[in-house]
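Undergrad: Structure file my_file.tsv (TSV, C-alpha atoms) right here:
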chain	number	residue	atom	x	y	z
V	152	MET	CA	61.33	35.75	114.52
V	153	ALA	CA	57.79	34.46	114.06
V	154	PRO	CA	57.21	32.11	111.08
V	155	VAL	CA	55.48	33.57	108.00
V	156	ASP	CA	51.84	32.48	107.72
V	157	LEU	CA	51.37	32.10	103.94
V	158	ILE	CA	47.67	31.26	104.27
V	159	LEU	CA	47.04	34.45	106.25
V	160	ILE	CA	48.94	36.50	103.64
V	161	ALA	CA	46.90	34.98	100.80
V	162	GLN	CA	43.62	35.76	102.58
V	163	ALA	CA	44.70	39.36	103.22
V	164	ARG	CA	45.71	39.77	99.57
V	165	LYS	CA	42.35	38.45	98.41
V	166	GLU	CA	40.47	40.92	100.64
V	167	ILE	CA	42.57	43.87	99.43
V	168	LEU	CA	42.06	43.00	95.75
V	169	ALA	CA	38.32	42.63	96.34
V	170	ARG	CA	38.19	46.15	97.84
V	171	TYR	CA	40.49	47.73	95.27
V	172	PRO	CA	40.16	45.86	91.94
V	173	ALA	CA	42.71	46.56	89.23
V	174	ARG	CA	41.65	49.27	86.79
V	175	PRO	CA	43.07	50.26	83.41
V	176	PRO	CA	44.77	53.67	83.12
V	177	VAL	CA	42.43	56.64	82.59
V	178	GLY	CA	41.24	56.85	79.00
V	179	LEU	CA	42.01	53.21	78.18
V	180	GLN	CA	39.50	50.38	77.98
V	181	ALA	CA	40.35	46.98	79.32
V	182	LYS	CA	40.32	44.45	76.50
V	183	PRO	CA	40.05	40.69	76.88
V	184	MET	CA	43.17	38.82	75.93
V	185	PRO	CA	42.68	37.04	72.58
V	186	GLN	CA	42.76	33.27	72.73
V	187	ALA	CA	45.50	31.67	70.69
V	188	ALA	CA	44.45	29.00	68.24
V	189	LYS	CA	45.91	25.55	68.80
V	190	ASP	CA	47.24	23.43	65.95
V	191	ARG	CA	44.31	21.05	66.35
V	192	ASP	CA	41.83	23.95	66.13
V	193	LEU	CA	43.47	25.23	62.96
V	194	LEU	CA	43.46	21.77	61.38
V	195	ALA	CA	39.74	21.34	62.12
V	196	LEU	CA	38.87	24.80	60.77
V	197	ALA	CA	40.93	24.23	57.62
V	198	SER	CA	39.21	20.87	57.06
V	199	ILE	CA	35.75	22.40	57.50
V	200	TYR	CA	36.66	25.27	55.21
V	201	ALA	CA	37.64	22.83	52.46
V	202	LYS	CA	34.82	20.29	52.98
V	203	PRO	CA	32.04	21.51	55.30
V	204	LEU	CA	29.67	18.63	54.48
V	205	LEU	CA	31.80	15.78	55.81
V	206	GLY	CA	30.48	13.80	58.75
V	207	VAL	CA	32.38	13.58	62.01
V	208	SER	CA	33.74	10.05	61.49
V	209	VAL	CA	35.03	10.78	57.99
V	210	ARG	CA	36.54	14.10	59.01
V	211	ALA	CA	38.17	12.57	62.10
V	212	ALA	CA	39.80	9.91	59.93
V	213	THR	CA	41.18	12.49	57.50
V	214	LEU	CA	42.64	14.44	60.43
V	215	GLU	CA	43.98	11.31	62.13
V	216	MET	CA	41.86	11.99	65.20
V	217	THR	CA	39.39	9.83	67.08
V	218	ASP	CA	35.72	10.77	66.82
V	219	MET	CA	35.76	11.85	70.47
V	220	MET	CA	38.85	14.00	69.98
V	221	LEU	CA	37.26	15.78	67.02
V	222	ARG	CA	33.97	16.29	68.86
V	223	ARG	CA	35.87	17.87	71.76
V	224	THR	CA	37.72	20.12	69.34
V	225	LEU	CA	34.46	21.20	67.70
V	226	GLY	CA	32.98	21.87	71.13
V	227	ALA	CA	35.96	24.05	72.04
V	228	LEU	CA	35.59	25.97	68.77
V	229	GLU	CA	31.90	26.53	69.52
V	230	ALA	CA	32.75	27.77	73.01
V	231	ARG	CA	35.02	30.39	71.47
V	232	ASP	CA	32.32	31.32	68.94
V	233	TRP	CA	34.66	30.38	66.12
V	234	LEU	CA	32.19	27.79	64.92
V	235	ARG	CA	28.44	27.18	65.06
V	236	MET	CA	26.84	23.82	64.43
V	237	GLU	CA	23.66	24.46	62.43
V	238	HIS	CA	20.72	22.04	62.59
V	239	PHE	CA	18.99	20.90	59.39
V	240	SER	CA	15.76	18.90	59.52
V	241	LYS	CA	15.59	15.58	57.65
V	242	SER	CA	12.49	14.61	55.70
V	243	THR	CA	12.29	11.27	57.53
V	244	ARG	CA	12.96	12.32	61.11
V	245	GLY	CA	15.72	13.86	63.15
V	246	TYR	CA	18.28	16.26	61.79
V	247	ILE	CA	21.83	16.65	60.56
V	248	ARG	CA	24.33	19.20	61.84
V	249	LEU	CA	26.66	21.17	59.61
V	250	PRO	CA	29.52	23.39	60.78
V	251	ASN	CA	29.38	27.12	60.06
V	252	ILE	CA	32.65	29.02	60.59
V	253	THR	CA	32.04	32.47	62.10
V	254	GLU	CA	33.86	35.67	61.16
V	255	ASP	CA	35.99	35.31	64.30
V	256	GLY	CA	36.83	31.74	63.33
V	257	LEU	CA	37.88	32.79	59.84
V	258	ARG	CA	40.15	35.47	61.29
V	259	ALA	CA	41.65	33.05	63.82
V	260	ALA	CA	42.55	30.63	61.02
V	261	ASN	CA	43.63	33.41	58.66
V	262	LEU	CA	40.91	32.45	56.17
V	263	GLU	CA	38.64	34.55	53.96
V	264	LEU	CA	34.99	34.08	53.06
V	265	PRO	CA	34.63	32.13	49.81
V	266	GLU	CA	34.65	34.65	46.97
V	267	GLU	CA	31.52	33.38	45.24
V	268	GLY	CA	28.10	33.73	46.78
V	269	SER	CA	26.44	35.88	49.40
V	270	GLY	CA	25.91	35.76	53.15
V	271	GLY	CA	28.03	33.81	55.60
V	272	PHE	CA	30.45	30.94	55.21
V	273	LEU	CA	27.99	28.01	55.19
V	274	HIS	CA	25.49	29.79	52.93
V	275	ARG	CA	28.20	30.38	50.33
V	276	LYS	CA	29.42	26.80	50.57
V	277	LEU	CA	25.89	25.49	50.07
V	278	GLN	CA	25.44	27.76	47.06
V	279	ALA	CA	28.60	26.27	45.53
V	280	PHE	CA	27.45	22.74	46.37
V	281	LEU	CA	24.08	23.24	44.66
V	282	ARG	CA	25.67	24.89	41.63
V	283	ASP	CA	28.09	21.99	41.23
V	284	LYS	CA	25.34	19.42	41.81
V	285	PHE	CA	23.18	20.66	38.95
V	286	ALA	CA	26.17	21.32	36.70
V	287	SER	CA	27.18	17.67	37.19
V	288	LEU	CA	23.74	16.70	35.89
V	289	GLY	CA	24.47	18.52	32.64
V	290	HIS	CA	22.70	21.80	33.39
V	291	LYS	CA	24.13	25.24	32.92
V	292	ALA	CA	24.20	26.53	36.50
V	293	GLY	CA	25.51	29.55	38.34
V	294	ILE	CA	25.68	31.37	41.67
V	295	GLU	CA	24.07	34.79	42.20
V	296	VAL	CA	22.59	34.65	38.72
V	297	LEU	CA	21.27	38.05	37.62
V	298	ARG	CA	17.96	38.09	35.79
V	299	ASN	CA	15.96	41.24	35.06
V	300	GLY	CA	17.90	43.13	37.71
V	301	LYS	CA	17.40	40.48	40.44
V	302	HIS	CA	19.96	38.09	41.91
V	303	VAL	CA	19.09	34.52	42.90
V	304	ASP	CA	21.19	32.27	45.15
V	305	VAL	CA	21.58	29.58	42.48
V	306	ALA	CA	19.93	29.11	39.08
V	307	PHE	CA	20.19	26.43	36.43
V	308	LEU	CA	18.88	26.05	32.91
V	309	GLU	CA	16.47	23.19	32.28
V	310	GLY	CA	15.60	23.05	28.61
V	311	GLU	CA	14.72	26.66	27.84
V	312	ASN	CA	13.64	27.54	31.38
V	313	TRP	CA	15.75	28.99	34.18
V	314	ILE	CA	14.99	27.40	37.56
V	315	ALA	CA	15.64	29.47	40.69
V	316	LEU	CA	17.04	27.85	43.86
V	317	GLU	CA	16.95	29.78	47.13
V	318	CYS	CA	19.09	28.49	50.00
V	319	GLY	CA	17.04	29.38	53.08
V	320	LEU	CA	19.03	29.27	56.31
V	321	SER	CA	17.69	32.16	58.35
V	322	SER	CA	14.24	33.78	58.27
V	323	ALA	CA	10.96	32.65	56.75
V	324	GLN	CA	10.07	36.25	55.92
V	325	GLY	CA	13.32	36.62	54.00
V	326	GLU	CA	12.54	33.55	51.94
V	327	VAL	CA	9.04	34.81	51.15
V	328	SER	CA	10.66	37.99	49.84
V	329	ASN	CA	13.04	35.92	47.74
V	330	ILE	CA	10.19	33.86	46.28
V	331	VAL	CA	8.24	36.96	45.26
V	332	LYS	CA	11.41	38.56	43.85
V	333	ASP	CA	12.34	35.48	41.79
V	334	PHE	CA	8.94	35.18	40.15
V	335	ALA	CA	8.97	38.93	39.46
V	336	ALA	CA	12.36	38.44	37.77
V	337	GLY	CA	10.78	35.99	35.33
V	338	PHE	CA	11.64	32.56	36.74
V	339	SER	CA	8.93	30.04	35.89
V	340	THR	CA	9.93	27.70	38.72
V	341	VAL	CA	11.25	28.58	42.16
V	342	ARG	CA	12.55	25.99	44.60
V	343	ALA	CA	13.00	27.28	48.14
V	344	LEU	CA	15.35	24.88	49.91
V	345	LEU	CA	14.82	25.49	53.61
V	346	ARG	CA	16.73	24.53	56.73
V	347	GLU	CA	13.93	23.02	58.83
V	348	THR	CA	10.37	21.74	58.59
V	349	GLY	CA	9.14	24.53	60.87
V	350	MET	CA	10.50	27.06	58.40
V	351	ILE	CA	8.51	25.45	55.60
V	352	ARG	CA	5.33	25.82	57.66
V	353	ARG	CA	6.14	29.46	58.44
V	354	VAL	CA	6.73	30.26	54.77
V	355	GLU	CA	3.43	28.57	53.82
V	356	GLY	CA	1.65	30.57	56.52
V	357	LEU	CA	3.15	33.89	55.41
V	358	LEU	CA	2.27	33.25	51.76
V	359	GLU	CA	-1.32	32.45	52.75
V	360	GLU	CA	-1.47	35.48	55.05
V	361	GLN	CA	-0.26	37.73	52.24
V	362	GLN	CA	-2.62	36.01	49.81
V	363	TYR	CA	0.23	35.55	47.39
V	364	LYS	CA	-0.44	33.19	44.51
V	365	PRO	CA	2.76	32.18	42.70
V	366	PRO	CA	2.52	32.81	38.93
V	367	GLY	CA	4.59	29.68	38.32
V	368	VAL	CA	5.70	26.47	40.03
V	369	LEU	CA	6.76	26.89	43.67
V	370	LYS	CA	8.38	24.06	45.63
V	371	LEU	CA	9.19	24.29	49.33
V	372	GLU	CA	11.73	21.60	50.17
V	373	LEU	CA	14.27	20.66	52.80
V	374	ILE	CA	17.83	21.39	51.81
V	375	SER	CA	18.95	18.20	53.58
V	376	ASP	CA	17.17	16.18	50.86
V	377	TYR	CA	19.77	17.53	48.44
V	378	LEU	CA	22.75	17.13	50.76
V	379	VAL	CA	22.64	13.68	52.34
V	380	PRO	CA	22.40	11.42	49.25
V	381	GLU	CA	25.15	13.34	47.50
V	382	ASN	CA	27.48	12.84	50.46
V	383	ASN	CA	26.82	9.18	51.22
V	384	ASN	CA	25.11	10.14	54.47
V	385	GLU	CA	28.34	11.68	55.70
V	386	ALA	CA	26.66	14.78	57.14
V	387	GLU	CA	25.50	14.16	60.71
How does this structure look as structure tokens?
TA:
Amino acid sequence: MAPVDLILIAQARKEILARYPARPPVGLQAKPMPQAAKDRDLLALASIYAKPLLGVSVRAATLEMTDMMLRRTLGALEARDWLRMEHFSKSTRGYIRLPNITEDGLRAANLELPEEGSGGFLHRKLQAFLRDKFASLGHKAGIEVLRNGKHVDVAFLEGENWIALECGLSSAQGEVSNIVKDFAAGFSTVRALLRETGMIRRVEGLLEEQQYKPPGVLKLELISDYLVPENNNEAE
């Protein structure tokens, strides 16, 4: 009896599968197998959910991980699209990166979007951070404050005047719309806190193009100027 040639069998199997690939039964769509979350992934997501503004070194210490181990975990979460690291320009130079948990990431960790606020996870967390920041300074402050039928991301009372804060993470055009809306709602001062310097330039250009003259005080600022000092430069 001739010996079995395992290599030849493997090659033949490969050729047959290439000619006749596996197909799902008629009427059924093939679905990718969901990836199971590891304990380390869940710990990282839970930590970010609780404190999204921590820097890598501080977060790694709280999780009893090395910096490298945490960075690898964050990279794996990004690869699964459970997490996105968002870039925020600094007023000096460079940028910081903050983690934004996606809808898939929230589901994987059995978490819900924060109840207060609007938009995605990081937007809502930044709204809460800004509200708490100005409340700690003695101002009456709130999220999604309604004024004359218009909502604003965050607003606080300074003396007798309500100041509007817009947390701009996505489009310049959207922030221009928010600025116009806030002044129309009766805010005397609007601060648009934007994600990057390029976004500030785009907002300035759109306002000039539309020949819009703010009826009150308008400030275009970087949101990182509000974040880093309050967190002892922990955001990276």
Undergrad: From the set V:Glu267, V:Glu254, V:Asp232, V:Glu355, which residue has the shortest atom-to-atom contact distance to Ile294 (chain V), counting all atoms listed in the file?
TA: V:Glu267
Undergrad: Could you please give me, as a PDB file with C-alpha atoms, keeping the file's coordinate frame, the residues of protein, DNA or RNA lying at most 6 Å from (10.9, 25.9, 45.7) in the coordinate frame of the file, considering all atoms listed in the file?
TA:
ATOM      1  CA  VAL V 341      11.250  28.580  42.160  1.00  0.00           C
ATOM      2  CA  ARG V 342      12.550  25.990  44.600  1.00  0.00           C
ATOM      3  CA  ALA V 343      13.000  27.280  48.140  1.00  0.00           C
ATOM      4  CA  LEU V 369       6.760  26.890  43.670  1.00  0.00           C
ATOM      5  CA  LYS V 370       8.380  24.060  45.630  1.00  0.00           C
ATOM      6  CA  LEU V 371       9.190  24.290  49.330  1.00  0.00           C
TER       7      LEU V 371
END
Undergrad: Mind running region 248-339 of chain V against region 372-378 of chain V at 9 Å and telling me each contacting residue's nearest atom pair with the distance in Å (one decimal), counting only C-alpha atoms, chain and number ascending, as a tab-separated table?
TA:
residue	atom	partner	partner_atom	distance
V:Leu277	CA	V:Leu378	CA	9.0
V:Phe280	CA	V:Leu378	CA	8.5
V:Leu281	CA	V:Tyr377	CA	8.1
V:Lys284	CA	V:Tyr377	CA	8.9
V:Cys318	CA	V:Ile374	CA	7.4
V:Gly319	CA	V:Ile374	CA	8.1
Undergrad: When you count only C-alpha atoms, which of these residues is closest to Arg352 (chain V): V:Ser322, V:Ser208, V:Ser287, V:Asn329?
TA: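 Using only C-alpha atoms, the shortest distance to Arg352 (chain V) belongs to V:Ser322.
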Undergrad: Just the number, please: distance in Å from CA of Leu357 (chain V) to CA of Gly325 (chain V), one decimal.
TA: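 Calculated distance between CA of Leu357 (chain V) and CA of Gly325 (chain V) is 10.6 Å.
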Undergrad: Quick one: everything within 9 Å of Pro250 (chain V), counting all atoms listed in the file, minus sequence neighbours fewer than 4 positions away in the same chain. Send it as a list in words.
TA: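 Contacts, in chain order: Ile199, Pro203, Leu204, Leu225, Leu234, Arg235, Met236, Glu237 and Leu273 of chain V.
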Undergrad: Report as number ranges by chain all protein, DNA and RNA residues lying within 8 Å of Trp313 (chain V), evaluated on only C-alpha atoms, omitting residues in the same chain fewer than 4 positions from it.
TA: V: 306-309, 338-340
